[in-house]
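Data block for data06.tsv (TSV, C-alpha atoms (C1' of nucleotides)):
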```tsv
chain	number	residue	atom	x	y	z
C	1	MET	CA	4.63	-1.05	15.23
C	2	PRO	CA	6.44	-0.80	12.15
C	3	GLU	CA	5.88	-2.63	8.96
C	4	LEU	CA	6.55	-1.03	5.60
C	5	PRO	CA	3.71	1.53	5.70
C	6	GLU	CA	4.59	2.67	9.21
C	7	VAL	CA	8.28	3.00	8.38
C	8	GLU	CA	7.41	4.93	5.23
C	9	THR	CA	5.16	7.19	7.31
C	10	VAL	CA	8.01	7.80	9.73
C	11	ARG	CA	10.32	8.56	6.83
C	12	ARG	CA	7.94	11.13	5.39
C	13	GLY	CA	7.46	12.66	8.81
C	14	LEU	CA	11.15	12.95	9.59
C	15	ALA	CA	12.45	14.01	6.19
C	16	PRO	CA	11.48	17.70	6.34
C	17	THR	CA	13.28	18.09	9.65
C	18	LEU	CA	16.29	15.90	8.94
C	19	VAL	CA	17.24	16.39	5.32
C	20	GLY	CA	19.61	19.31	4.90
C	21	ALA	CA	20.27	19.61	8.61
C	22	ARG	CA	23.47	18.74	10.48
C	23	PHE	CA	23.85	16.83	13.71
C	24	ALA	CA	24.93	19.41	16.28
C	25	ARG	CA	25.06	16.82	19.06
C	26	VAL	CA	24.04	13.21	19.52
C	27	GLU	CA	23.26	11.75	22.94
C	28	THR	CA	23.13	8.01	23.47
C	29	ARG	CA	21.67	7.06	26.82
C	30	ARG	CA	22.77	3.44	26.75
C	31	GLY	CA	25.34	1.38	24.91
C	32	GLY	CA	23.02	0.11	22.25
C	33	LEU	CA	19.65	-1.36	21.44
C	34	ARG	CA	19.32	-4.89	20.14
C	35	ALA	CA	23.00	-4.62	19.24
C	36	PRO	CA	25.62	-2.24	20.58
C	37	PHE	CA	25.93	1.09	18.78
C	38	PRO	CA	28.93	1.16	16.44
C	39	PRO	CA	32.23	2.52	17.81
C	40	ARG	CA	32.32	6.28	18.39
C	41	PHE	CA	28.73	6.47	17.15
C	42	ALA	CA	27.91	9.95	18.43
C	43	GLU	CA	31.26	11.43	17.42
C	44	ARG	CA	31.04	10.10	13.90
C	45	LEU	CA	27.59	11.63	13.48
C	46	THR	CA	28.37	15.01	14.97
C	47	GLY	CA	28.83	17.70	12.32
C	48	ARG	CA	27.58	15.50	9.51
C	49	ARG	CA	24.84	16.73	7.19
C	50	ILE	CA	21.89	14.52	6.27
C	51	GLU	CA	21.66	14.50	2.49
C	52	ALA	CA	18.74	12.13	2.01
C	53	LEU	CA	16.38	9.97	3.99
C	54	THR	CA	15.23	6.83	2.20
C	55	ARG	CA	13.64	3.52	3.08
C	56	ARG	CA	14.55	-0.03	2.17
C	57	ALA	CA	12.14	-2.66	3.50
C	58	LYS	CA	11.67	-1.70	7.15
C	59	TYR	CA	14.99	0.16	7.37
C	60	LEU	CA	15.46	3.91	7.25
C	61	LEU	CA	18.65	5.12	5.61
C	62	ALA	CA	20.03	8.58	6.34
C	63	ALA	CA	22.77	9.25	3.81
C	64	LEU	CA	25.33	11.63	5.30
C	65	ASP	CA	28.01	13.82	3.83
C	66	GLY	CA	31.38	12.24	4.49
C	67	GLY	CA	30.40	8.91	2.95
C	68	GLU	CA	28.57	7.11	5.73
C	69	THR	CA	24.91	6.19	6.09
C	70	LEU	CA	23.01	6.07	9.36
C	71	VAL	CA	20.90	2.90	9.29
C	72	LEU	CA	17.83	2.89	11.53
C	73	HIS	CA	15.44	0.08	12.36
C	74	LEU	CA	12.45	0.50	14.67
C	75	GLY	CA	12.16	-3.13	15.71
C	76	MET	CA	8.82	-3.82	17.36
C	77	SER	CA	8.36	-0.76	19.51
C	78	GLY	CA	10.62	2.02	18.24
C	79	SER	CA	9.35	5.49	17.44
C	80	PHE	CA	10.68	8.96	16.82
C	81	ARG	CA	9.33	12.24	17.98
C	82	ILE	CA	10.43	15.71	17.03
C	83	GLU	CA	10.82	18.46	19.55
C	84	GLY	CA	11.72	22.09	19.08
C	85	ALA	CA	12.01	23.78	15.68
C	86	GLY	CA	10.16	21.85	13.03
C	87	ALA	CA	7.89	20.18	15.53
C	88	ALA	CA	4.24	21.10	15.52
C	89	SER	CA	4.27	22.11	19.17
C	90	ALA	CA	6.10	21.87	22.46
C	91	PRO	CA	7.47	18.56	23.71
C	92	PRO	CA	4.72	16.17	24.72
C	93	THR	CA	3.74	15.91	28.33
C	94	HIS	CA	1.70	12.79	27.68
C	95	PHE	CA	3.21	9.58	26.42
C	96	PRO	CA	1.12	6.81	24.86
C	97	ARG	CA	1.14	3.49	26.64
C	98	GLY	CA	4.63	2.35	27.39
C	99	LYS	CA	6.35	5.32	25.80
C	100	SER	CA	7.84	6.84	28.89
C	101	PRO	CA	10.84	9.16	28.74
C	102	ALA	CA	12.75	6.37	30.45
C	103	HIS	CA	12.84	4.70	27.04
C	104	ASP	CA	14.27	7.67	25.20
C	105	HIS	CA	17.53	6.02	24.16
C	106	VAL	CA	18.98	8.39	21.57
C	107	VAL	CA	18.58	12.13	21.05
C	108	PHE	CA	19.70	13.71	17.80
C	109	VAL	CA	20.15	17.45	18.24
C	110	LEU	CA	20.15	19.24	14.90
C	111	ASP	CA	21.66	22.55	13.86
C	112	ASN	CA	18.18	23.75	12.85
C	113	GLY	CA	17.08	23.72	16.47
C	114	ALA	CA	15.09	20.49	16.34
C	115	ARG	CA	15.64	17.48	18.55
C	116	VAL	CA	14.74	14.08	17.15
C	117	VAL	CA	14.24	11.62	19.99
C	118	TYR	CA	14.26	7.85	19.56
C	119	ASN	CA	12.07	5.96	22.04
C	120	ASP	CA	11.99	2.16	22.16
C	121	PRO	CA	10.63	0.31	25.22
C	122	ARG	CA	11.52	-3.16	24.02
C	123	ARG	CA	14.83	-2.12	22.50
C	124	PHE	CA	14.44	-4.40	19.51
C	125	GLY	CA	15.41	-1.53	17.26
C	126	ALA	CA	18.84	-1.00	15.77
C	127	MET	CA	21.17	1.80	14.69
C	128	ASP	CA	24.32	1.42	12.66
C	129	LEU	CA	26.71	3.59	10.72
C	130	VAL	CA	28.08	2.05	7.55
C	131	PRO	CA	29.82	3.14	4.36
C	132	THR	CA	27.31	4.42	1.82
C	133	GLU	CA	29.28	3.01	-1.09
C	134	GLY	CA	28.14	-0.52	-1.82
C	135	ILE	CA	25.58	-0.57	0.97
C	136	ASP	CA	23.22	-2.73	-1.10
C	137	ARG	CA	25.89	-5.40	-1.43
C	138	ARG	CA	26.42	-5.79	2.32
C	139	PRO	CA	24.27	-7.27	5.07
C	140	PRO	CA	21.49	-6.90	5.78
C	141	PHE	CA	20.60	-5.21	2.50
C	142	ASP	CA	22.19	-7.80	0.23
C	143	ALA	CA	19.68	-10.40	1.44
C	144	LEU	CA	16.50	-8.36	1.16
C	145	GLY	CA	13.90	-9.34	-1.40
C	146	VAL	CA	11.82	-7.27	-3.75
C	147	GLU	CA	10.17	-4.03	-2.62
C	148	PRO	CA	6.46	-4.80	-2.88
C	149	LEU	CA	5.58	-1.27	-3.97
C	150	SER	CA	8.18	-1.20	-6.73
C	151	ASP	CA	7.58	-1.94	-10.40
C	152	ASP	CA	9.64	-5.09	-9.94
C	153	PHE	CA	6.88	-6.68	-7.91
C	154	ASP	CA	4.03	-8.39	-9.70
C	155	ALA	CA	2.30	-11.77	-9.95
C	156	LYS	CA	5.11	-13.17	-12.07
C	157	ARG	CA	7.74	-12.20	-9.53
C	158	LEU	CA	5.62	-13.52	-6.70
C	159	ALA	CA	5.31	-16.84	-8.50
C	160	THR	CA	9.03	-17.05	-9.17
C	161	LEU	CA	9.98	-16.54	-5.56
C	162	SER	CA	7.36	-18.98	-4.29
C	163	ALA	CA	7.80	-21.81	-6.76
C	164	GLY	CA	8.71	-25.07	-5.09
C	165	SER	CA	8.46	-23.69	-1.57
C	166	ARG	CA	6.99	-26.01	1.00
C	167	ALA	CA	6.50	-23.21	3.49
C	168	PRO	CA	2.98	-22.01	4.22
C	169	ILE	CA	2.10	-18.98	2.16
C	170	LYS	CA	1.94	-16.84	5.28
C	171	ALA	CA	5.52	-17.70	6.23
C	172	ALA	CA	6.68	-16.95	2.70
C	173	LEU	CA	5.12	-13.50	2.83
C	174	LEU	CA	6.93	-12.73	6.09
C	175	ASP	CA	10.27	-13.87	4.68
C	176	GLN	CA	12.17	-10.64	4.06
C	177	LYS	CA	14.47	-12.43	1.63
C	178	ARG	CA	11.53	-12.88	-0.71
C	179	ILE	CA	9.40	-9.78	-0.21
C	180	ALA	CA	10.90	-7.01	1.88
C	181	GLY	CA	8.72	-5.00	4.20
C	182	LEU	CA	5.66	-7.13	4.84
C	183	GLY	CA	5.00	-7.96	8.48
C	184	ASN	CA	2.38	-9.97	10.30
C	185	ILE	CA	-0.46	-7.48	9.97
C	186	TYR	CA	-0.26	-6.77	6.25
C	187	ALA	CA	0.48	-10.39	5.40
C	188	CYS	CA	-2.79	-11.35	7.12
C	189	GLU	CA	-4.70	-8.52	5.48
C	190	ALA	CA	-3.35	-9.22	1.99
C	191	LEU	CA	-4.27	-12.90	2.24
C	192	TRP	CA	-7.80	-11.98	3.27
C	193	ARG	CA	-8.14	-9.64	0.32
C	194	ALA	CA	-6.92	-12.38	-2.01
C	195	ARG	CA	-9.23	-14.94	-0.37
C	196	LEU	CA	-6.28	-17.22	0.32
C	197	SER	CA	-5.80	-19.23	3.48
C	198	PRO	CA	-2.51	-18.55	5.27
C	199	LEU	CA	-2.16	-22.31	5.67
C	200	ARG	CA	-1.87	-23.10	1.98
C	201	PRO	CA	1.62	-23.90	0.71
C	202	ALA	CA	3.40	-21.02	-1.02
C	203	ALA	CA	3.96	-23.28	-3.99
C	204	ILE	CA	0.33	-22.82	-5.08
C	205	LEU	CA	1.34	-19.37	-6.35
C	206	ALA	CA	3.22	-20.94	-9.25
C	207	ASP	CA	2.35	-23.64	-11.73
C	208	ALA	CA	4.67	-26.45	-12.77
C	209	LYS	CA	6.55	-24.11	-15.08
C	210	GLY	CA	6.91	-21.40	-12.43
C	211	ARG	CA	4.27	-19.19	-14.01
C	212	PRO	CA	1.81	-17.27	-11.83
C	213	THR	CA	-1.42	-19.01	-10.93
C	214	ALA	CA	-4.76	-17.33	-10.35
C	215	ALA	CA	-3.80	-17.22	-6.66
C	216	ALA	CA	-0.66	-15.23	-7.44
C	217	ARG	CA	-2.59	-12.92	-9.73
C	218	ALA	CA	-4.95	-12.21	-6.84
C	219	LEU	CA	-2.33	-11.94	-4.13
C	220	ALA	CA	0.23	-9.66	-5.76
C	221	PRO	CA	-2.24	-6.81	-6.34
C	222	ALA	CA	-3.73	-7.41	-2.89
C	223	ILE	CA	-0.33	-6.94	-1.28
C	224	ARG	CA	0.29	-3.79	-3.25
C	225	ALA	CA	-3.15	-2.38	-2.55
C	226	VAL	CA	-3.14	-2.95	1.19
C	227	LEU	CA	0.32	-1.40	1.53
C	228	GLU	CA	-0.55	1.57	-0.67
C	229	GLN	CA	-3.72	2.23	1.24
C	230	ALA	CA	-1.91	1.98	4.56
C	231	VAL	CA	0.79	4.39	3.41
C	232	GLU	CA	-1.93	6.71	2.18
C	233	ALA	CA	-3.56	6.58	5.61
C	234	GLY	CA	-0.27	7.40	7.28
C	235	GLY	CA	0.30	3.91	8.59
C	236	SER	CA	-2.11	1.81	10.53
C	237	THR	CA	-0.82	2.39	13.98
C	238	LEU	CA	1.45	5.39	13.73
C	239	ARG	CA	0.22	8.84	13.12
C	240	ASP	CA	2.79	11.22	11.80
C	241	HIS	CA	4.18	14.05	13.81
C	242	ARG	CA	2.23	16.67	11.92
C	243	GLN	CA	-0.41	15.85	14.48
C	244	PRO	CA	-0.93	18.68	16.96
C	245	ASP	CA	0.91	17.04	19.82
C	246	GLY	CA	4.02	16.89	17.72
C	247	GLU	CA	4.42	13.20	18.21
C	248	LEU	CA	4.84	10.12	16.10
C	249	GLY	CA	2.40	7.83	17.77
C	250	TYR	CA	-0.58	5.63	17.60
C	251	PHE	CA	-3.41	5.74	15.17
C	252	GLN	CA	-5.65	2.77	15.57
C	253	HIS	CA	-7.07	1.48	12.36
C	254	SER	CA	-9.64	-1.14	11.69
C	255	PHE	CA	-8.45	-4.32	10.03
C	256	ALA	CA	-10.45	-6.95	8.19
C	257	VAL	CA	-8.90	-9.84	10.08
C	258	TYR	CA	-5.84	-8.84	12.08
C	259	ASP	CA	-6.48	-9.10	15.83
C	260	ARG	CA	-10.16	-9.77	15.15
C	261	GLU	CA	-10.46	-13.38	16.30
C	262	GLY	CA	-14.10	-14.29	16.88
C	263	ALA	CA	-15.47	-11.29	14.97
C	264	ALA	CA	-17.57	-11.48	11.83
C	265	CYS	CA	-15.74	-11.54	8.53
C	266	PRO	CA	-16.32	-8.11	6.97
C	267	ARG	CA	-16.67	-9.51	3.48
C	268	ARG	CA	-20.18	-8.85	2.20
C	269	GLY	CA	-22.33	-11.93	2.40
C	270	CYS	CA	-19.57	-14.12	3.85
C	271	GLY	CA	-20.85	-14.60	7.37
C	272	GLY	CA	-17.65	-16.36	8.51
C	273	ILE	CA	-15.98	-15.88	11.87
C	274	ILE	CA	-12.36	-14.76	12.02
C	275	ALA	CA	-10.06	-17.46	13.38
C	276	ARG	CA	-6.56	-17.38	14.78
C	277	VAL	CA	-3.90	-20.00	14.20
C	278	ALA	CA	-0.25	-20.09	15.24
C	279	GLN	CA	2.26	-20.36	12.43
C	280	GLY	CA	5.94	-20.35	13.25
C	281	GLY	CA	5.24	-18.78	16.60
C	282	ARG	CA	3.24	-15.94	15.07
C	283	SER	CA	-0.50	-15.50	15.05
C	284	SER	CA	-2.30	-15.67	11.72
C	285	PHE	CA	-5.80	-14.29	11.50
C	286	TYR	CA	-8.09	-15.35	8.68
C	287	CYS	CA	-11.63	-16.21	7.72
C	288	PRO	CA	-11.98	-19.98	7.24
C	289	ALA	CA	-15.21	-19.41	5.32
C	290	CYS	CA	-13.89	-17.28	2.47
C	291	GLN	CA	-10.13	-17.82	2.53
C	292	LYS	CA	-9.35	-21.12	0.83
X	1	DC	C1'	19.16	-25.53	1.29
X	2	DC	C1'	14.94	-25.02	4.04
X	3	DG	C1'	11.97	-24.46	7.89
X	4	DA	C1'	10.94	-24.56	12.94
X	5	DC	C1'	12.21	-22.72	17.11
X	6	DC	C1'	14.36	-19.63	20.51
X	7	DG	C1'	16.14	-15.45	22.48
X	8	DC	C1'	16.32	-10.67	22.70
X	9	DC	C1'	13.36	-6.85	26.05
X	10	DT	C1'	9.38	-4.50	28.22
X	11	DG	C1'	4.51	-3.57	28.80
X	12	DC	C1'	-0.12	-4.85	28.89
X	13	DC	C1'	-3.98	-7.90	29.24
X	14	DT	C1'	-6.13	-12.00	30.96
X	15	DG	C1'	-7.44	-15.32	34.17
X	16	DC	C1'	-6.92	-17.47	38.47
G	1	DT	C1'	-6.18	-6.72	44.56
G	2	DG	C1'	-2.04	-9.43	43.15
G	3	DC	C1'	0.44	-12.02	40.34
G	4	DA	C1'	1.82	-15.51	36.93
G	5	DG	C1'	1.51	-16.37	32.30
G	6	DG	C1'	0.74	-15.31	27.65
G	7	DC	C1'	1.17	-12.32	24.02
G	8	DA	C1'	2.95	-8.39	20.93
G	9	DG	C1'	3.90	-5.16	14.52
G	10	DG	C1'	11.06	-7.95	13.96
G	11	DC	C1'	15.21	-10.14	13.34
G	12	DG	C1'	19.01	-13.31	13.55
G	13	DG	C1'	21.06	-17.40	15.27
G	14	DT	C1'	20.88	-22.41	15.93
G	15	DC	C1'	19.37	-26.85	15.07
G	16	DG	C1'	17.30	-30.78	12.65
```

Please express what this file holds, its structure, as structure tokens.
Amino acid sequence: MPELPEVETVRRGLAPTLVGARFARVETRRGGLRAPFPPRFAERLTGRRIEALTRRAKYLLAALDGGETLVLHLGMSGSFRIEGAGAASAPPTHFPRGKSPAHDHVVFVLDNGARVVYNDPRRFGAMDLVPTEGIDRRPPFDALGVEPLSDDFDAKRLATLSAGSRAPIKAALLDQKRIAGLGNIYACEALWRARLSPLRPAAILADAKGRPTAAARALAPAIRAVLEQAVEAGGSTLRDHRQPDGELGYFQHSFAVYDREGAACPRRGCGGIIARVAQGGRSSFYCPACQK
DNA sequence: CCGACCGCCTGCCTGC
DNA sequence: TGCAGGCAGGCGGTCG
């Protein structure tokens, strides 16, 4: 599920339960996810206090006392749910599609009585434990681009990191080394808002001197707006665990173009039909009538 | 250096 | 109804 807004929603949902608490016990139910868990993972977490929970791109960072940070990534299908103290209700008896207890891979038992359970059917997620000191200078964080919701991101920055690129603009938006946190959905949605075709070369965002073009001045605010609105809505597909069933789960949202192939373009007076094209093995959705 | 492609996993939907 | 095939919100490695 998780692009930047979903990860931010998860962060906000988990923070009240996690921050200030200690890990009383950590259960790993397999040796790892996409990669093996680090050595002595559970033992190194046990007894540690979570001092802060932050987000960088699509990563969650739980800074612990003792100098290490728990790095979490949800991959394609990861989610957390909170059970016990701090949860809105009893453990769920109903799991959304695919989210069976068989895919509960890690359980964090906290000293405040809560259990934070990580579920991930496809196991594309990741967990690591790394020194907090200098974390930004080590992989994968050293390679991440600008945070699109930060003050550092604007049309000028977008132009700078696109100048001279021969990649399609859609591919450039998905490149985490340029902009960190955009995924397929919000890249499609931002391009629609900016009326730009995903097929155009990224280089059109900068002029010959690397200055932002009108396209960049449309796209940068569109990226920011779609992400801000999605965060505001609690993520497009995840609802936070303040929901009555106590679960971080699905909240279907309506998109302008994403997954709407064949539907009418929602832009007033456009009348176009949403198309789908494959780019780099990913689907891009756009309106050929109004996105040029 | 860049960009295209593949593999990692499982579940769900489609079409035959 | 059954089943093969395609597809999915991410990432990192390889190859040209």

Range 2-6 of chain G surroundings by all atoms listed in the file, 10 Å radius, close-in-sequence under 4 positions cut, as a list in words: DC13, DT14, DG15 and DC16 of chain X

Restrict the selected residues to C-alpha atoms (C1' of nucleotides) and save them as a PDB file, keeping the file's coordinate frame.
```
ATOM      1  C1'  DC X  13      -3.980  -7.900  29.240  1.00  0.00           C
ATOM      2  C1'  DT X  14      -6.130 -12.000  30.960  1.00  0.00           C
ATOM      3  C1'  DG X  15      -7.440 -15.320  34.170  1.00  0.00           C
ATOM      4  C1'  DC X  16      -6.920 -17.470  38.470  1.00  0.00           C
TER       5       DC X  16
END
```

Around (13.2, -20.4, 9.9), as given in the file, which residues come within 12 Å? Count only C-alpha atoms (C1' of nucleotides) and list them as a PyMOL selection string. (chain C and resi 167-168+171-172+174-177+279-281) or (chain X and resi 1-6) or (chain G and resi 11-16)

Write to file, as an mmCIF file, keeping the file's coordinate frame, the residues of the selection just made, with C-alpha atoms (C1' of nucleotides).
```cif
data_model
loop_
_atom_site.group_PDB
_atom_site.id
_atom_site.type_symbol
_atom_site.label_atom_id
_atom_site.label_comp_id
_atom_site.auth_asym_id
_atom_site.auth_seq_id
_atom_site.Cartn_x
_atom_site.Cartn_y
_atom_site.Cartn_z
ATOM 1 C CA ALA C 167 6.500 -23.210 3.490
ATOM 2 C CA PRO C 168 2.980 -22.010 4.220
ATOM 3 C CA ALA C 171 5.520 -17.700 6.230
ATOM 4 C CA ALA C 172 6.680 -16.950 2.700
ATOM 5 C CA LEU C 174 6.930 -12.730 6.090
ATOM 6 C CA ASP C 175 10.270 -13.870 4.680
ATOM 7 C CA GLN C 176 12.170 -10.640 4.060
ATOM 8 C CA LYS C 177 14.470 -12.430 1.630
ATOM 9 C CA GLN C 279 2.260 -20.360 12.430
ATOM 10 C CA GLY C 280 5.940 -20.350 13.250
ATOM 11 C CA GLY C 281 5.240 -18.780 16.600
ATOM 12 C "C1'" DC X 1 19.160 -25.530 1.290
ATOM 13 C "C1'" DC X 2 14.940 -25.020 4.040
ATOM 14 C "C1'" DG X 3 11.970 -24.460 7.890
ATOM 15 C "C1'" DA X 4 10.940 -24.560 12.940
ATOM 16 C "C1'" DC X 5 12.210 -22.720 17.110
ATOM 17 C "C1'" DC X 6 14.360 -19.630 20.510
ATOM 18 C "C1'" DC G 11 15.210 -10.140 13.340
ATOM 19 C "C1'" DG G 12 19.010 -13.310 13.550
ATOM 20 C "C1'" DG G 13 21.060 -17.400 15.270
ATOM 21 C "C1'" DT G 14 20.880 -22.410 15.930
ATOM 22 C "C1'" DC G 15 19.370 -26.850 15.070
ATOM 23 C "C1'" DG G 16 17.300 -30.780 12.650
#
```

Could you work out how far CA of Ala187 in chain C lies from CA of Ala203 in chain C, giving the answer in Å with one decimal?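 Distance between the two atoms: 16.3 Å.
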
Check which residues of chain C sit at most 10 Å from chain G using only C-alpha atoms (C1' of nucleotides), and return one row each with the closest pair of atoms and their distance in Å to one decimal, ordered by chain and rising number, as a tab-separated table.
```
residue	atom	partner	partner_atom	distance
C:Met1	CA	G:DG9	C1'	4.2
C:Pro2	CA	G:DG9	C1'	5.6
C:Glu3	CA	G:DG9	C1'	6.4
C:Glu6	CA	G:DG9	C1'	9.5
C:Arg34	CA	G:DC11	C1'	9.5
C:Lys58	CA	G:DG10	C1'	9.3
C:His73	CA	G:DG10	C1'	9.3
C:Leu74	CA	G:DG10	C1'	8.6
C:Gly75	CA	G:DG10	C1'	5.2
C:Met76	CA	G:DG10	C1'	5.8
C:Ser77	CA	G:DG9	C1'	8.0
C:Phe124	CA	G:DG10	C1'	7.4
C:Gly125	CA	G:DG10	C1'	8.4
C:Gln176	CA	G:DC11	C1'	9.8
C:Gly183	CA	G:DG9	C1'	6.7
C:Asn184	CA	G:DG9	C1'	6.6
C:Ile185	CA	G:DG9	C1'	6.7
C:Tyr186	CA	G:DG9	C1'	9.4
C:Thr237	CA	G:DG9	C1'	8.9
C:Arg282	CA	G:DA8	C1'	9.6
C:Ser283	CA	G:DC7	C1'	9.7
```

Could you work out how far CA of Gly164 in chain C lies from CA of Val226 in chain C, giving the answer in Å with one decimal?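 Calculated distance between CA of Val226 in chain C and CA of Gly164 in chain C is 25.9 Å.
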
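Using only C-alpha atoms (C1' of nucleotides), the nearest neighbour of DC9 in chain X within the list C:Arg268, C:Arg260, C:Lys170, C:Arg123 is C:Arg123.
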
Just the number, please: distance in Å from CA of Leu45 in chain C to CA of Pro5 in chain C, one decimal.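 So the two atoms, CA of Leu45 in chain C and CA of Pro5 in chain C, lie 27.1 Å apart.
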
Output, as JSON, the centre and edge lengths in Å (one decimal) of the axis-aligned box that contains all listed atoms of range 68-73 of chain C with 6 Å of margin on each side.
```
{"center_x": 22.0, "center_y": 3.6, "center_z": 9.0, "size_x": 25.1, "size_y": 19.0, "size_z": 18.6}
```

Nearest-residue call for chain X, choices C:Gln229, C:Ala35, C:Ala155, C:Ala202, using only C-alpha atoms (C1' of nucleotides):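 Nearest candidate to chain X out of C:Gln229, C:Ala35, C:Ala155, C:Ala202: C:Ala35.
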
Nearby residues (only C-alpha atoms (C1' of nucleotides)) at most 12 Å from Gly20 in chain C, same-chain spacing under 5 positions excluded, as a list in words: Leu14, Ala15, Gly47, Arg48, Arg49, Ile50, Glu51, Ala52, Leu53, Ala62, Ala63, Leu64, Asp65, Leu110, Asp111 and Asn112 of chain C

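Compared by their closest atoms to chain X, and using all atoms listed in the file, the residues C:Val116, C:Ile273, C:Val109, C:Ala102 rank with C:Ala102 nearest.
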
Using only C-alpha atoms, find each residue of range 113-163 of chain C with at least one atom at most 10 Å away from an atom of range 41-44 of chain C; report its shortest atom-to-atom pair and that distance in Å (one decimal), sort the rows by chain and rising residue number, and return the result as JSON lines.
```
{"residue": "C:Met127", "atom": "CA", "partner": "C:Phe41", "partner_atom": "CA", "distance": 9.2}
{"residue": "C:Asp128", "atom": "CA", "partner": "C:Phe41", "partner_atom": "CA", "distance": 8.1}
{"residue": "C:Leu129", "atom": "CA", "partner": "C:Phe41", "partner_atom": "CA", "distance": 7.3}
```

What would the file be for chain G if you keep C-alpha atoms (C1' of nucleotides) and write it as a PDB file, in the first residue's frame?
```pdb
ATOM      1  C1'  DT G   1     -16.053 -24.868 -11.539  1.00  0.00           C
ATOM      2  C1'  DG G   2     -10.971 -24.968 -12.294  1.00  0.00           C
ATOM      3  C1'  DC G   3      -6.940 -23.214 -13.487  1.00  0.00           C
ATOM      4  C1'  DA G   4      -3.325 -20.600 -15.894  1.00  0.00           C
ATOM      5  C1'  DG G   5      -1.835 -16.158 -16.475  1.00  0.00           C
ATOM      6  C1'  DG G   6      -1.506 -11.445 -15.482  1.00  0.00           C
ATOM      7  C1'  DC G   7      -1.217  -7.957 -12.316  1.00  0.00           C
ATOM      8  C1'  DA G   8      -0.288  -5.336  -7.799  1.00  0.00           C
ATOM      9  C1'  DG G   9       1.210   0.652  -4.011  1.00  0.00           C
ATOM     10  C1'  DG G  10       8.687  -1.182  -3.699  1.00  0.00           C
ATOM     11  C1'  DC G  11      13.338  -2.002  -4.025  1.00  0.00           C
ATOM     12  C1'  DG G  12      17.824  -3.554  -5.450  1.00  0.00           C
ATOM     13  C1'  DG G  13      20.700  -6.056  -8.505  1.00  0.00           C
ATOM     14  C1'  DT G  14      22.320  -6.922 -13.214  1.00  0.00           C
ATOM     15  C1'  DC G  15      23.041  -5.910 -17.815  1.00  0.00           C
ATOM     16  C1'  DG G  16      23.540  -3.203 -22.063  1.00  0.00           C
TER      17       DG G  16
END
```
